[in-house]
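J.: Please read through the structure below; I'll follow up with questions.
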Amino acid sequence: MALILFAARRLFYAAILVIGVLVLSFLLIRLAPGDPVDTLAGQMGGMTEEIRAGLRSEYGLDQPTLVQLGIYLERFASGNLGYSYFFNLPVLSLILQRLPATLLLVLTALVVAVLSGTTLGVLASRRPNGLLSQFITVVSVIGYSAPVFWTGMLLIILFASVIPILPVSGMTAAAVSGGWLLDSVDVAHHLVLPAVSLAVVYLAQYSRLTRASMLDVLGSDYVRTARAKGLEERKVFFKHAFRNAMLPIITIVGLQFGNLLAGAIVVETVFNWPGLGRLAFDSVLRRDYPTLLGLLFFSSLLVIVANQLVDVCYRLADPRIKAS
Amino acid sequence: MFARSPVAVCGLVLLVAILLVSLIGPLVYVADPFDIVAAPLSPPFSEGALLGSDQQGRDVLTGLIYGGRATLTVGAAAALISVVIGITIGAVAGYFGGTVDEALMRFTEFFQVLPSLLFAMVLVTLFSPTLTTVVLAIGVVSWPGTARLTRAEFLKIKQYDFVAAELAIGARRGRIMWKVILPNALPPLVVSATLAVGAAILFEASLSFLGLGDPNRMSWGLMIGSSRSYMLSSWWAVTFPGLMIFLTVLAVSLIGDGLNDALNPKLRERR
């Protein structure tokens with residue numbers, strides 16, 4: 001019962017956040033200089049008077065502002081994210097077309113960053129002043145300070161001219177279709193560099209955080225108790241310490257999912273990865289506002305969903321919270 | 001404490017050097033970073049282009065010297081905005097608690113959900129890409145972290161006896177918030193503000209790299225973005241500006257780390 005109530009509450013807040021994003025983008029269209037019709041059409045050249053009139057009535061731009069807002073919300077609620085005149089496609093289908101590429105990139109980077117980050121952090125916590133600990137501190141400061149697009153470009157320069165073993169652009173080789181197995185290998189091959197560039201920043205942060213968190217937990221009373229009652233070190237380390245030390249990491253992963261998507265914009269642009277980030281870059285270049293606003297809405301939705309999932313993970317991982 | 005940490009001192013020296021080059025460099029070395037001075041894509045050590053030239057024949061070194069101003073100005077101004085918004089909202093939420101806190105935290109959560117870079121891209125694309133728009137866009141999206149930190153500090157400090165004493169002698173609310181609690185909350189906030197500067201610089205660099213900075217002002221991000229298609233034929237045109245961004249953010253992070261060690265006594269004991 002408590003779990004259902006908890007879920008219902010989260011869902012309610014999530015819905016309010018989604019509506020908030022929509023109201024915000026509506027306000028932006030109204031506040032932007034120029035005719036909202038131009039904004040909604042994405043400033044394409046030579047737009048006929050017919051299209052303008054059509055848009056005006058479709059969005060109810062001759063109605064009072066509140067009615068316009070109602071129409072705007074209703075359109076999004078029914079899954080109509082607008083029409084991209086540049087790509088000549090509904091924004092929703094455009095986004096769904098590009099979504100798998102971005103999810104593949106972002107989730108791969110996330111898994112790599114979390115797995116190797118926590119492993120390094122745990123190893124470093126065994127010797128708080130050891131070589132690995134110092135290495136992690138240095139690498140995390142460097143990883144944080146280097147702009148993602150720059151690391152990506154350095155990798156491209158390195159792998160394009162010096163050691164050409166990895167593809168540096170796109171998601172597939174030009175004309176490959178050797179069955180699903182070969183195709184997947186091809187995509188994975190193309191995935192390496194973009195995923196690594198994106199993962200490096202977070203890998204560094206997670207390893208540092210895990211180390212700090214483990215040290216914190218290892219010094220706590222319940223770990224001392226566990227040791228005092230004669231539990232073997234392995235169990236103390238993994239069952240008592242590690243599980244509790246992971247809680248702040250889970251929180252950070254949730255909070256940073258939005259940043260990860262932001263990183264994807266830059267990385268996809270650098271590596272010509274055909275995902276949502278590349279779409280965002282292209283629609284900025286073309287002043288394709290419907291696509292841009294649709295992307296803003298859709299990525300907020302992704303972040304909200306991710307946060308809900310993280311909340312669930314947190315409840316599963318935290319031994320103190322029991323869904324009774 | 002700060003001066004004893006060699007790493008933090010290195011960061012400070014590095015930052016001062018970058019500031020000197022960026023602020024005084026253009027006064028000493030007068031040139032137009034948009035001028036064509038050499039053959040396009042000249043490698044480093046060419047005549048007239050010590051660090052090479054880009055695809056239009058613009059000098060990379062001049063770009064480095066002039067590009068710092070935009071990056072550093074935007075970084076500092078945007079960080080200032082984000083810290084001011086963050087401290088105000090966090091302080092009010094933490095001090096008053098209850099419904100005010102709940103409402104402000106929902107508001108903060110909303111801005112945390114909003115994908116910041118994309119939102120800034122929308123803002124800058126809809127309005128014009130001037131320095132002011134870029135500063136506002138970065139400031140408006142990057143305050144939630146500071147707000148949460150400030151709130152947590154206020155929640156903690158307002159329970160201390162010296163706050164109760166102020167209340168007992170009938171001090172006004174404004175005095176308690178800004179003159180009593182805030183100074184005691186400053187150490188972690190100073191560290192967070194330092195890191196905010198680094199984050200804002202990276203943010204500005206990403207925006208200009210994506211072509212959303214002010215196109216009439218040379219900046220390190222703009223240099224990288226405009227030479228992106230030529231990176232394989234002219235590595236120098238993207239490597240050097242990126243190195244400047246990296247060194248600047250590195251300097252700021254090192255200072256932040258040093259301040260953290262100096263201002264956070266809990267951590268100091270652990271060492």
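By order of appearance in the structure tokens: chains A, B, ..., then residues from 1 within every chain, and ligands from 1 in the order shown.
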Each residue of chain A lying at most 7 Å from chain B should get a row with its shortest atom-to-atom pair and the distance in Å to one decimal, counting only C-alpha atoms; could you produce that, ordered by chain and increasing number, as a Markdown table?

T.:
| residue | atom | partner | partner_atom | distance |
| --- | --- | --- | --- | --- |
| A:Leu17 | CA | B:Phe110 | CA | 6.0 |
| A:Ala32 | CA | B:Leu126 | CA | 5.8 |
| A:Pro33 | CA | B:Phe127 | CA | 6.9 |
| A:Val141 | CA | B:Leu250 | CA | 6.9 |
| A:Ile142 | CA | B:Leu250 | CA | 6.8 |
| A:Ser145 | CA | B:Leu250 | CA | 5.1 |
| A:Ala146 | CA | B:Phe246 | CA | 4.8 |
| A:Pro147 | CA | B:Leu202 | CA | 6.2 |
| A:Trp150 | CA | B:Gly242 | CA | 5.8 |
| A:Ile157 | CA | B:Leu232 | CA | 5.9 |
| A:Gly258 | CA | B:Pro115 | CA | 5.0 |
| A:Asn259 | CA | B:Pro115 | CA | 6.9 |
| A:Ala262 | CA | B:Leu117 | CA | 5.4 |
| A:Phe281 | CA | B:Leu210 | CA | 6.9 |
| A:Val284 | CA | B:Thr125 | CA | 6.6 |
| A:Leu292 | CA | B:Val122 | CA | 6.8 |
| A:Leu296 | CA | B:Leu118 | CA | 6.4 |
| A:Ser299 | CA | B:Pro115 | CA | 6.7 |
| A:Ser300 | CA | B:Leu114 | CA | 5.4 |
| A:Val303 | CA | B:Val113 | CA | 6.0 |
| A:Ile304 | CA | B:Val113 | CA | 6.3 |

J.: Give me a file of those residues, with C-alpha atoms, as a PDB file, in the first residue's frame.

T.:
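out.pdb was written with the following content:
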ATOM      1  CA  LEU A  17       7.230  18.897 -13.835  1.00  0.00           C
ATOM      2  CA  ALA A  32      10.849  35.661 -28.310  1.00  0.00           C
ATOM      3  CA  PRO A  33      11.150  38.647 -30.619  1.00  0.00           C
ATOM      4  CA  VAL A 141      40.518  16.724 -11.713  1.00  0.00           C
ATOM      5  CA  ILE A 142      41.824  16.367 -15.279  1.00  0.00           C
ATOM      6  CA  SER A 145      38.503  20.126 -16.456  1.00  0.00           C
ATOM      7  CA  ALA A 146      38.819  18.973 -20.068  1.00  0.00           C
ATOM      8  CA  PRO A 147      35.900  20.050 -22.269  1.00  0.00           C
ATOM      9  CA  TRP A 150      37.989  18.735 -26.958  1.00  0.00           C
ATOM     10  CA  ILE A 157      42.948  13.236 -34.372  1.00  0.00           C
ATOM     11  CA  GLY A 258      20.526  15.625 -17.560  1.00  0.00           C
ATOM     12  CA  ASN A 259      24.235  16.500 -17.790  1.00  0.00           C
ATOM     13  CA  ALA A 262      23.975  17.572 -22.496  1.00  0.00           C
ATOM     14  CA  PHE A 281      22.733  20.871 -33.132  1.00  0.00           C
ATOM     15  CA  VAL A 284      19.910  25.147 -33.954  1.00  0.00           C
ATOM     16  CA  LEU A 292      14.239  22.294 -30.774  1.00  0.00           C
ATOM     17  CA  LEU A 296      13.503  20.187 -24.936  1.00  0.00           C
ATOM     18  CA  SER A 299      14.614  15.260 -23.019  1.00  0.00           C
ATOM     19  CA  SER A 300      12.986  16.687 -19.906  1.00  0.00           C
ATOM     20  CA  VAL A 303      15.343  13.024 -17.328  1.00  0.00           C
ATOM     21  CA  ILE A 304      12.140  12.759 -15.287  1.00  0.00           C
TER      22      ILE A 304
END

J.: Using DSSP on the backbone, list every residue of range 7-177 of chain A that comes out as strand (DSSP E), and give them as a list in words.

T.: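 Assigned to strand (DSSP E), within range 7-177 of chain A: Tyr83, Ser84, Leu89 and Pro90 of chain A.
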
J.: If DSSP is run on the backbone, what residues of range 3-251 of chain B are alpha helix (DSSP H)? A reply as a ChimeraX atom specification would be ideal.

T.: /B:6-28,60-96,98-113,116-126,131-141,144-157,161-168,173-175,182-209,220-226,235-251

J.: Determine the nearest neighbour of Ser25 in chain A from the options A:Tyr72, A:Phe12, A:Phe271, A:Tyr206, counting only C-alpha atoms.

T.: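 Selected residue with least distance to Ser25 in chain A: A:Tyr72.
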
J.: Could you please determine the separation between CA of Leu22 in chain A and CA of Phe76 in chain A in Å, to one decimal place?

T.: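 These two atoms are separated by 8.2 Å.
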
J.: Mind checking which residues fall within 9 Å of Ala109 in chain A, counting only C-alpha atoms, ignoring those fewer than 2 positions away in the same chain, and posting them as a PyMOL selection string?

T.: chain A and resi 104-107+111-114+194-200+202-203+260

J.: What is the CA of Gly294 in chain A-CA of Leu89 in chain A distance in Å, reported with one decimal?

T.: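 About the pair CA of Gly294 in chain A and CA of Leu89 in chain A: they are 12.4 Å apart.
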
J.: Applying 6 Å and only C-alpha atoms, which residues near Asp54 in chain B remain after dropping the ones on its own chain fewer than 3 positions away? List them as a PyMOL selection string.

T.: chain B and resi 40-41+57-58+237

J.: Give the answer as one residue: which of A:Thr251, A:Arg56, A:Val91, A:Val18 has the shortest atom-to-atom distance to Cys313 in chain A, using only C-alpha atoms?

T.: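 Distance minimum relative to Cys313 in chain A lands on A:Thr251.
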
J.: In Å, rounded to a single decimal, give me how far CA of Arg75 in chain A is from CA of Val37 in chain A.

T.: 16.1 Å

J.: Could you name the residues that touch Ala185 in chain B at 8 Å or less, counting only C-alpha atoms, but leaving out those on the same chain fewer than 3 positions away, as a list in words?

T.: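 Residues near the query, excluding close chain neighbours: Thr150, Glu153, Phe154, Ile157, Ile181, Leu182, Pro188 and Leu189 of chain B.
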
J.: So that I can see what lies close to Ala137 in chain B, please list as a count of residues only the residues with an atom at most 7 Å from it, counting only C-alpha atoms and leaving out residues fewer than 3 positions away in the same chain.

T.: 6
